[in-house]
file final-v9.txt (compact mmCIF, C-alpha atoms)
# COMPACT_ATOMS: atom_id res chain seq x y z
CA ALA P 217 0.00 0.00 0.00
CA PRO P 218 1.24 3.55 -0.71
CA VAL P 219 1.41 4.50 2.96
CA ILE P 220 3.89 1.72 3.72
CA ASP P 221 6.14 2.71 0.81
CA ASP P 222 6.03 6.38 1.82
CA ILE P 223 6.81 5.68 5.46
CA CYS P 224 9.68 3.33 4.71
CA THR P 225 11.14 5.91 2.31
CA ALA P 226 10.87 8.63 4.97
CA VAL P 227 11.99 6.72 8.03
CA SER P 228 14.48 4.04 6.96
CA ASP P 229 17.50 3.94 4.65
CA HIS P 230 15.87 1.80 1.98
CA SER P 231 16.28 2.68 -1.70
CA ILE P 232 13.71 4.93 -3.30
CA GLN P 233 12.34 4.91 -6.80
CA LEU P 234 14.38 6.47 -9.58
CA GLN P 235 12.00 9.40 -10.11
CA GLN P 236 12.21 10.29 -6.43
CA VAL P 237 15.97 9.86 -6.41
CA GLN P 238 16.39 12.27 -9.29
CA GLN P 239 14.28 14.89 -7.53
CA HIS P 240 16.02 14.49 -4.17
CA ALA P 241 19.42 14.53 -5.86
CA ALA P 242 18.53 17.80 -7.55
CA ASP P 243 17.40 19.26 -4.22
CA THR P 244 20.72 18.52 -2.56
CA GLY P 245 22.89 19.54 -5.49
CA ASN P 246 24.08 16.00 -6.20
CA ALA P 247 26.02 15.50 -9.39
CA VAL P 248 23.22 14.10 -11.51
CA ASN P 249 25.08 15.15 -14.65
CA ASP P 250 28.22 13.25 -13.75
CA HIS P 251 28.04 10.49 -16.40
CA ASN P 252 30.99 8.70 -14.83
CA THR P 253 28.93 7.97 -11.71
CA PRO P 254 27.21 4.59 -11.96
CA LEU P 255 23.44 4.86 -11.75
CA GLN P 256 23.21 2.47 -8.82
CA GLN P 257 25.79 4.49 -6.86
CA LEU P 258 23.96 7.73 -7.63
CA GLN P 259 20.69 6.24 -6.45
CA GLN P 260 22.21 5.11 -3.16
CA GLN P 261 23.99 8.42 -2.63
CA ALA P 262 20.80 10.40 -3.18
CA ALA P 263 18.80 8.07 -0.95
CA ASP P 264 21.40 8.33 1.83
CA ASN P 265 21.49 12.12 1.62
CA TYR P 266 17.70 12.22 1.63
CA ASN P 267 17.48 10.18 4.78
CA LYS P 268 20.27 12.09 6.52
CA ARG P 269 18.40 15.35 5.96
CA LEU P 270 15.07 14.08 7.25
CA THR P 271 14.34 15.34 10.78
CA ARG P 272 10.58 15.27 11.26
CA LEU P 273 7.99 12.71 10.27
CA THR P 274 4.26 13.38 10.56
CA ILE P 275 1.84 10.55 9.80
CA SER P 276 -1.91 11.03 9.72
CA ILE P 277 -3.75 7.97 8.53
CA ARG P 278 -7.07 9.48 9.52
CA HIS P 279 -6.50 12.58 7.43
CA SER P 280 -4.65 10.76 4.62
CA HIS P 281 -1.30 12.51 4.50
CA ILE P 282 2.33 12.15 5.45
CA VAL P 283 4.64 15.14 5.91
CA TRP P 284 8.38 15.07 6.38
CA THR P 285 10.67 18.04 6.98
CA PHE P 286 14.33 18.64 6.08
CA PRO P 287 16.64 20.58 8.45
CA SER P 288 18.85 22.57 6.12
CA THR P 289 16.08 24.24 4.15
CA GLY P 290 13.00 23.66 6.27
CA LYS P 291 11.41 22.36 3.10
CA ARG P 292 8.39 20.13 3.64
CA ARG P 293 7.22 17.32 1.40
CA LEU P 294 3.69 15.99 1.32
CA GLY P 295 2.84 12.41 0.41
CA SER P 296 -0.40 10.48 0.21
CA ALA P 297 -1.31 8.08 3.00
CA ALA P 298 -3.78 5.62 1.60
CA ARG P 299 -4.95 3.04 4.11
CA ALA P 300 -2.31 0.39 4.88
CA THR P 301 -3.01 -3.26 4.17
CA THR P 302 -3.17 -3.88 7.92
CA ASP P 303 -2.50 -1.77 10.98
CA SER P 304 -0.02 -4.39 12.23
CA ASP P 305 1.99 -4.11 9.03
CA LEU P 306 2.10 -0.33 9.32
CA TYR P 307 3.22 -0.40 12.96
CA GLN P 308 5.95 -2.93 12.30
CA ARG P 309 7.31 -1.04 9.31
CA VAL P 310 7.47 2.27 11.19
CA ALA P 311 9.17 0.58 14.15
CA ALA P 312 11.66 -1.11 11.82
CA GLY P 313 12.46 2.26 10.30
CA LEU P 314 13.12 3.74 13.75
CA LYS P 315 15.67 1.03 14.43
CA ILE P 316 17.62 2.03 11.33
CA ASN P 317 17.14 5.77 10.95
CA SER P 318 19.59 8.11 12.65
CA SER P 319 18.32 11.56 11.62
CA VAL P 320 14.61 11.84 12.49
CA THR P 321 14.23 13.84 15.71
CA MET P 322 10.47 14.47 15.81
CA ILE P 323 7.61 12.01 15.27
CA ASP P 324 4.02 13.23 15.15
CA LEU P 325 1.43 10.45 15.30
CA ARG P 326 -1.28 12.51 16.97
CA ASP P 327 -4.93 11.79 16.31
CA ASN P 328 -4.64 8.46 14.54
CA MET P 329 -5.93 5.07 15.62
CA ILE P 330 -2.79 3.67 17.23
CA ASN P 331 -3.54 0.96 19.77
CA ASP P 332 -1.50 -1.15 22.18
CA GLU P 333 0.13 -3.13 19.39
CA GLY P 334 1.32 0.04 17.69
CA ALA P 335 2.68 1.49 20.93
CA ASN P 336 4.51 -1.75 21.66
CA CYS P 337 6.15 -1.63 18.24
CA LEU P 338 7.24 1.96 18.84
CA GLY P 339 8.64 0.94 22.22
CA GLU P 340 10.74 -1.70 20.51
CA GLY P 341 11.99 0.85 18.00
CA LEU P 342 13.00 3.25 20.78
CA LYS P 343 15.28 0.62 22.30
CA THR P 344 17.77 1.08 19.47
CA ASN P 345 16.96 4.57 18.14
CA SER P 346 19.18 7.37 19.41
CA SER P 347 18.03 10.37 17.35
CA VAL P 348 14.34 10.90 18.15
CA THR P 349 13.85 13.54 20.87
CA SER P 350 10.12 14.30 20.64
CA ILE P 351 7.10 11.98 20.21
CA ASP P 352 3.44 13.00 19.95
CA LEU P 353 1.03 10.10 20.49
CA ALA P 354 -1.89 12.13 21.82
CA CYS P 355 -5.48 11.30 20.89
CA ASN P 356 -4.99 7.66 20.03
CA GLN P 357 -6.24 4.39 21.52
CA ILE P 358 -3.25 3.39 23.64
CA GLY P 359 -4.10 1.48 26.80
CA ASP P 360 -2.17 -0.14 29.62
CA GLU P 361 -0.37 -2.71 27.51
CA GLY P 362 0.88 -0.12 25.04
CA ALA P 363 2.01 2.19 27.84
CA MET P 364 3.95 -0.68 29.40
CA GLY P 365 5.63 -1.33 26.05
CA LEU P 366 6.69 2.30 25.83
CA GLY P 367 7.97 2.08 29.41
CA GLU P 368 10.19 -0.83 28.40
CA GLY P 369 11.56 1.30 25.59
CA PHE P 370 12.33 4.15 27.97
CA LYS P 371 14.41 1.85 30.14
CA ILE P 372 16.94 1.76 27.30
CA ASN P 373 16.34 4.88 25.23
CA CYS P 374 18.48 7.89 26.09
CA SER P 375 17.43 10.46 23.47
CA VAL P 376 13.70 11.18 23.85
CA THR P 377 13.12 14.28 25.98
CA SER P 378 9.39 14.80 25.44
CA ILE P 379 6.38 12.52 24.95
CA ASP P 380 2.70 13.44 24.68
CA LEU P 381 0.31 10.63 25.64
CA ALA P 382 -2.71 12.80 26.41
CA CYS P 383 -6.20 11.62 25.53
CA ASN P 384 -5.52 7.90 25.44
CA GLN P 385 -6.84 5.04 27.58
CA ILE P 386 -3.97 4.57 30.04
CA GLY P 387 -4.92 3.38 33.51
CA ASP P 388 -3.02 2.41 36.64
CA GLU P 389 -1.18 -0.56 35.13
CA GLY P 390 -0.03 1.52 32.20
CA ALA P 391 1.13 4.31 34.51
CA LYS P 392 3.06 1.74 36.54
CA GLY P 393 4.76 0.46 33.38
CA LEU P 394 5.73 3.97 32.33
CA GLY P 395 6.87 4.71 35.87
CA GLU P 396 9.21 1.71 35.95
CA GLY P 397 10.78 2.98 32.75
CA LEU P 398 11.13 6.51 34.12
CA LYS P 399 12.91 5.23 37.22
CA ILE P 400 15.75 4.22 34.91
CA ASN P 401 15.45 6.76 32.09
CA ARG P 402 17.83 9.73 32.15
CA SER P 403 16.66 11.79 29.17
CA LEU P 404 12.91 12.43 29.41
CA THR P 405 12.11 15.89 30.79
CA ASN P 406 8.47 16.38 29.73
CA ILE P 407 5.61 13.85 29.88
CA ASN P 408 1.95 14.57 29.22
CA LEU P 409 -0.55 12.03 30.59
CA ALA P 410 -3.58 14.31 30.71
CA HIS P 411 -7.06 12.95 29.98
CA ASN P 412 -6.34 9.31 30.76
CA GLN P 413 -7.69 6.95 33.41
CA ILE P 414 -4.90 7.01 36.00
CA GLY P 415 -5.93 6.48 39.63
CA HIS P 416 -4.07 6.54 42.94
CA GLU P 417 -2.22 3.26 42.26
CA GLY P 418 -0.66 4.69 39.13
CA ALA P 419 0.06 7.95 40.93
CA LYS P 420 1.89 5.98 43.63
CA VAL P 421 4.47 4.69 41.16
CA LEU P 422 4.83 8.14 39.60
CA GLY P 423 5.43 9.51 43.10
CA GLU P 424 8.24 6.97 43.49
CA VAL P 425 9.66 8.20 40.20
CA LEU P 426 9.84 11.74 41.58
CA MET P 427 11.92 10.51 44.52
CA THR P 428 14.71 9.18 42.29
CA ASN P 429 14.40 10.85 38.88
CA ASN P 430 16.40 14.06 38.58
CA PHE P 431 15.60 14.81 34.95
CA LEU P 432 11.84 15.33 34.67
CA THR P 433 10.84 18.99 34.73
CA GLN P 434 7.23 18.98 33.47
CA ILE P 435 4.43 16.49 34.25
CA ASP P 436 0.81 16.85 33.16
CA LEU P 437 -1.59 14.54 35.02
CA SER P 438 -4.65 16.72 34.64
CA HIS P 439 -8.08 15.18 34.06
CA ASN P 440 -7.33 11.81 35.61
CA GLN P 441 -8.65 10.12 38.77
CA ILE P 442 -5.78 10.19 41.27
CA GLY P 443 -7.88 11.52 44.18
CA ASP P 444 -6.58 12.34 47.66
CA GLU P 445 -4.44 9.22 47.97
CA GLY P 446 -2.75 9.91 44.67
CA ALA P 447 -2.14 13.54 45.62
CA LYS P 448 -0.49 12.44 48.86
CA VAL P 449 2.00 10.06 47.23
CA LEU P 450 2.84 12.62 44.57
CA GLY P 451 3.39 15.13 47.36
CA VAL P 452 5.83 12.76 49.05
CA GLY P 453 7.75 12.52 45.79
CA LEU P 454 7.81 16.28 45.34
CA TRP P 455 9.11 16.69 48.88
CA THR P 456 12.51 15.34 47.85
CA ASN P 457 12.44 16.21 44.13
CA ASN P 458 14.40 19.27 43.04
CA THR P 459 13.97 19.26 39.26
CA VAL P 460 10.21 19.39 38.52
CA THR P 461 9.14 22.95 37.76
CA GLN P 462 5.58 22.30 36.51
CA ILE P 463 3.02 19.69 37.55
CA ASP P 464 -0.63 19.89 36.47
CA LEU P 465 -3.17 18.09 38.67
CA ARG P 466 -6.37 19.81 37.59
CA ASP P 467 -9.62 17.85 37.62
CA ASN P 468 -8.42 14.84 39.60
CA GLN P 469 -11.05 14.51 42.32
CA ILE P 470 -8.60 15.90 44.89
CA GLY P 471 -10.32 17.00 48.09
CA ASP P 472 -9.22 18.95 51.15
CA GLU P 473 -7.02 16.16 52.50
CA GLY P 474 -4.94 15.84 49.36
CA ALA P 475 -4.78 19.58 48.84
CA MET P 476 -3.47 20.12 52.37
CA VAL P 477 -0.60 17.69 51.81
CA LEU P 478 0.30 19.29 48.51
CA GLY P 479 0.14 22.73 50.12
CA VAL P 480 2.62 21.78 52.82
CA VAL P 481 4.94 20.21 50.27
CA LEU P 482 4.89 23.21 47.97
CA GLU P 483 5.73 25.52 50.84
CA ASN P 484 9.01 23.66 51.17
CA ASN P 485 9.63 23.05 47.48
CA ASN P 486 11.84 25.60 45.73
CA THR P 487 11.50 24.41 42.14
CA VAL P 488 7.78 24.03 41.30
CA THR P 489 6.49 27.32 39.94

call {"tool": "encode", "arguments": {"input": "final-v9.txt", "output": "structure tokens"}}
result
Amino acid sequence: APVIDDICTAVSDHSIQLQQVQQHAADTGNAVNDHNTPLQQLQQQAADNYNKRLTRLTISIRHSHIVWTFPSTGKRRLGSAARATTDSDLYQRVAAGLKINSSVTMIDLRDNMINDEGANCLGEGLKTNSSVTSIDLACNQIGDEGAMGLGEGFKINCSVTSIDLACNQIGDEGAKGLGEGLKINRSLTNINLAHNQIGHEGAKVLGEVLMTNNFLTQIDLSHNQIGDEGAKVLGVGLWTNNTVTQIDLRDNQIGDEGAMVLGVVLENNNTVT
């Protein structure tokens, strides 16, 4: 299907069709007129340069387009995104590309239909990728299993600094899986978990993360269900944490008891603003 071909061209170092090669070679000033250069070598050279310049990949299956951006010129290319043969095939191909590519720094998969299987594939890709720094997975269908798969990826990945998982279906087990990854991770500074289904059990593990993680600076847990018990354990984590500057706990069913604990903690915390 066209979407698979487009994605593999954008993300991995596979060869691209001759027409595309000629266009990309012209864009980068490659010596297309050098008749002494074998065609196969020219194709590979253009494909390599194309992939080295790619820094941002945006995939929108729902809105039928793919956009990728090049760093030197800021030029953007638009490709069609006809429905893939299967979602599994799409997920696996994107993940395989992540394992190979060394130039993409931003991935935007917001507002698609990515489920646990897709998130697990991305988690696998993150275990070997060292270039991606920002991932947007908001407004998908990722649940606990997918969040746990991403958490496994974060145990190894050391390049991603920001991930947006807002508006998914992540509950306590998923938050625990992410938390276990964050206890080890040393690169992530910003995580958005707003509008999920996280309760006090998930908040407990995230509170433990705050006790040991010295890299996170921004956490959005708004519009979840952590309640007073969740607020308390997060407060305990913030008591010792000295890196978090922003934490959003709006609309979490927090009552007077939880608010009092957070109030005392914030009086003694010098970093949260």

call {"tool": "atom_distance", "arguments": {"input": "final-v9.txt", "atom1": "CA of Gly393 (chain P)", "atom2": "CA of Gly339 (chain P)"}}
result
11.8 Å

call {"tool": "residues_around", "arguments": {"input": "final-v9.txt", "residues": "Gly395 (chain P)", "least_positions_apart": "5", "cutoff": "7 Å", "atoms": "all atoms listed in the file", "output": "MDAnalysis selection string"}}
result
chainID P and resid 421:422 425

call {"tool": "closest_residue", "arguments": {"input": "final-v9.txt", "among": "P:Gly390, P:Ile323, P:Leu432, P:Ala354", "to": "Thr377 (chain P)", "atoms": "all atoms listed in the file"}}
result
P:Leu432

call {"tool": "atom_distance", "arguments": {"input": "final-v9.txt", "atom1": "CA of His439 (chain P)", "atom2": "CA of Cys337 (chain P)"}}
result
27.1 Å

call {"tool": "atom_distance", "arguments": {"input": "final-v9.txt", "atom1": "CA of Ser304 (chain P)", "atom2": "CA of Ile407 (chain P)"}}
result
26.0 Å

call {"tool": "residues_around", "arguments": {"input": "final-v9.txt", "residues": "Leu482 (chain P)", "least_positions_apart": "6", "cutoff": "10 Å", "atoms": "only C-alpha atoms", "output": "PyMOL selection string"}}
result
chain P and resi 451+454-455+476+488-489

call {"tool": "closest_residue", "arguments": {"input": "final-v9.txt", "among": "P:Ile358, P:Gly443, P:Leu450, P:Asn458", "to": "Glu473 (chain P)", "atoms": "all atoms listed in the file"}}
result
P:Gly443

call {"tool": "residues_around", "arguments": {"input": "final-v9.txt", "residues": "Thr405 (chain P)", "least_positions_apart": "6", "cutoff": "12 Å", "atoms": "all atoms listed in the file", "output": "PyMOL selection string"}}
result
chain P and resi 349-350+374-380+398+426+429-436+459-463

call {"tool": "axis_aligned_box", "arguments": {"input": "final-v9.txt", "around": "region 465-483 of chain P", "padding_each_side": "8 Å", "output": "AutoDock Vina command-line options"}}
result
--center_x -2.7 --center_y 20.0 --center_z 45.2 --size_x 32.8 --size_y 27.0 --size_z 31.2

call {"tool": "closest_residue", "arguments": {"input": "final-v9.txt", "among": "P:Asn328, P:Leu338, P:Glu368, P:Thr344", "to": "Ile316 (chain P)", "atoms": "all atoms listed in the file"}}
result
P:Thr344

call {"tool": "build_atoms", "arguments": {"input": "final-v9.txt", "residues": "region 304-332 of chain P", "atoms": "N, CA and C atoms", "output": "PDB file, keeping the file's coordinate frame"}}
result
ATOM      1  N   SER P 304      -1.208  -3.706  11.708  1.00  0.00           N
ATOM      2  CA  SER P 304      -0.020  -4.390  12.230  1.00  0.00           C
ATOM      3  C   SER P 304       1.161  -4.180  11.307  1.00  0.00           C
ATOM      4  N   ASP P 305       0.920  -4.293   9.998  1.00  0.00           N
ATOM      5  CA  ASP P 305       1.990  -4.110   9.030  1.00  0.00           C
ATOM      6  C   ASP P 305       2.551  -2.703   9.115  1.00  0.00           C
ATOM      7  N   LEU P 306       1.672  -1.722   9.222  1.00  0.00           N
ATOM      8  CA  LEU P 306       2.100  -0.330   9.320  1.00  0.00           C
ATOM      9  C   LEU P 306       2.964  -0.111  10.563  1.00  0.00           C
ATOM     10  N   TYR P 307       2.489  -0.579  11.712  1.00  0.00           N
ATOM     11  CA  TYR P 307       3.220  -0.400  12.960  1.00  0.00           C
ATOM     12  C   TYR P 307       4.610  -1.016  12.878  1.00  0.00           C
ATOM     13  N   GLN P 308       4.675  -2.222  12.364  1.00  0.00           N
ATOM     14  CA  GLN P 308       5.950  -2.930  12.300  1.00  0.00           C
ATOM     15  C   GLN P 308       6.927  -2.251  11.363  1.00  0.00           C
ATOM     16  N   ARG P 309       6.426  -1.706  10.256  1.00  0.00           N
ATOM     17  CA  ARG P 309       7.310  -1.040   9.310  1.00  0.00           C
ATOM     18  C   ARG P 309       7.858   0.269   9.882  1.00  0.00           C
ATOM     19  N   VAL P 310       7.006   1.029  10.568  1.00  0.00           N
ATOM     20  CA  VAL P 310       7.470   2.270  11.190  1.00  0.00           C
ATOM     21  C   VAL P 310       8.508   1.958  12.274  1.00  0.00           C
ATOM     22  N   ALA P 311       8.240   0.954  13.092  1.00  0.00           N
ATOM     23  CA  ALA P 311       9.170   0.580  14.150  1.00  0.00           C
ATOM     24  C   ALA P 311      10.492   0.107  13.565  1.00  0.00           C
ATOM     25  N   ALA P 312      10.434  -0.651  12.473  1.00  0.00           N
ATOM     26  CA  ALA P 312      11.660  -1.110  11.820  1.00  0.00           C
ATOM     27  C   ALA P 312      12.472   0.059  11.297  1.00  0.00           C
ATOM     28  N   GLY P 313      11.763   1.072  10.775  1.00  0.00           N
ATOM     29  CA  GLY P 313      12.460   2.260  10.300  1.00  0.00           C
ATOM     30  C   GLY P 313      13.159   2.992  11.429  1.00  0.00           C
ATOM     31  N   LEU P 314      12.520   3.063  12.602  1.00  0.00           N
ATOM     32  CA  LEU P 314      13.120   3.740  13.750  1.00  0.00           C
ATOM     33  C   LEU P 314      14.416   3.071  14.176  1.00  0.00           C
ATOM     34  N   LYS P 315      14.479   1.759  14.025  1.00  0.00           N
ATOM     35  CA  LYS P 315      15.670   1.030  14.430  1.00  0.00           C
ATOM     36  C   LYS P 315      16.860   1.353  13.537  1.00  0.00           C
ATOM     37  N   ILE P 316      16.570   1.767  12.299  1.00  0.00           N
ATOM     38  CA  ILE P 316      17.620   2.030  11.330  1.00  0.00           C
ATOM     39  C   ILE P 316      17.966   3.513  11.226  1.00  0.00           C
ATOM     40  N   ASN P 317      16.940   4.343  11.215  1.00  0.00           N
ATOM     41  CA  ASN P 317      17.140   5.770  10.950  1.00  0.00           C
ATOM     42  C   ASN P 317      17.937   6.453  12.059  1.00  0.00           C
ATOM     43  N   SER P 318      18.764   7.400  11.668  1.00  0.00           N
ATOM     44  CA  SER P 318      19.590   8.110  12.650  1.00  0.00           C
ATOM     45  C   SER P 318      19.475   9.626  12.510  1.00  0.00           C
ATOM     46  N   SER P 319      18.446  10.113  11.804  1.00  0.00           N
ATOM     47  CA  SER P 319      18.320  11.560  11.620  1.00  0.00           C
ATOM     48  C   SER P 319      16.982  12.126  12.084  1.00  0.00           C
ATOM     49  N   VAL P 320      15.913  11.321  12.069  1.00  0.00           N
ATOM     50  CA  VAL P 320      14.610  11.840  12.490  1.00  0.00           C
ATOM     51  C   VAL P 320      14.650  12.191  13.971  1.00  0.00           C
ATOM     52  N   THR P 321      14.242  13.400  14.311  1.00  0.00           N
ATOM     53  CA  THR P 321      14.230  13.840  15.710  1.00  0.00           C
ATOM     54  C   THR P 321      12.815  14.046  16.245  1.00  0.00           C
ATOM     55  N   MET P 322      11.839  14.236  15.350  1.00  0.00           N
ATOM     56  CA  MET P 322      10.470  14.470  15.810  1.00  0.00           C
ATOM     57  C   MET P 322       9.501  13.544  15.090  1.00  0.00           C
ATOM     58  N   ILE P 323       8.633  12.883  15.854  1.00  0.00           N
ATOM     59  CA  ILE P 323       7.610  12.010  15.270  1.00  0.00           C
ATOM     60  C   ILE P 323       6.244  12.473  15.758  1.00  0.00           C
ATOM     61  N   ASP P 324       5.365  12.775  14.828  1.00  0.00           N
ATOM     62  CA  ASP P 324       4.020  13.230  15.150  1.00  0.00           C
ATOM     63  C   ASP P 324       3.017  12.191  14.660  1.00  0.00           C
ATOM     64  N   LEU P 325       2.450  11.450  15.605  1.00  0.00           N
ATOM     65  CA  LEU P 325       1.430  10.450  15.300  1.00  0.00           C
ATOM     66  C   LEU P 325       0.114  10.789  15.981  1.00  0.00           C
ATOM     67  N   ARG P 326      -0.078  12.047  16.274  1.00  0.00           N
ATOM     68  CA  ARG P 326      -1.280  12.510  16.970  1.00  0.00           C
ATOM     69  C   ARG P 326      -2.543  12.231  16.160  1.00  0.00           C
ATOM     70  N   ASP P 327      -3.606  11.906  16.899  1.00  0.00           N
ATOM     71  CA  ASP P 327      -4.930  11.790  16.310  1.00  0.00           C
ATOM     72  C   ASP P 327      -4.982  10.772  15.179  1.00  0.00           C
ATOM     73  N   ASN P 328      -4.482   9.575  15.452  1.00  0.00           N
ATOM     74  CA  ASN P 328      -4.640   8.460  14.540  1.00  0.00           C
ATOM     75  C   ASN P 328      -5.470   7.398  15.258  1.00  0.00           C
ATOM     76  N   MET P 329      -5.201   6.156  14.977  1.00  0.00           N
ATOM     77  CA  MET P 329      -5.930   5.070  15.620  1.00  0.00           C
ATOM     78  C   MET P 329      -4.942   4.050  16.186  1.00  0.00           C
ATOM     79  N   ILE P 330      -3.839   4.557  16.726  1.00  0.00           N
ATOM     80  CA  ILE P 330      -2.790   3.670  17.230  1.00  0.00           C
ATOM     81  C   ILE P 330      -3.244   3.016  18.530  1.00  0.00           C
ATOM     82  N   ASN P 331      -3.119   1.699  18.587  1.00  0.00           N
ATOM     83  CA  ASN P 331      -3.540   0.960  19.770  1.00  0.00           C
ATOM     84  C   ASN P 331      -2.340   0.389  20.509  1.00  0.00           C
ATOM     85  N   ASP P 332      -2.581  -0.579  21.380  1.00  0.00           N
ATOM     86  CA  ASP P 332      -1.500  -1.150  22.180  1.00  0.00           C
ATOM     87  C   ASP P 332      -0.424  -1.793  21.309  1.00  0.00           C
TER      88      ASP P 332
END
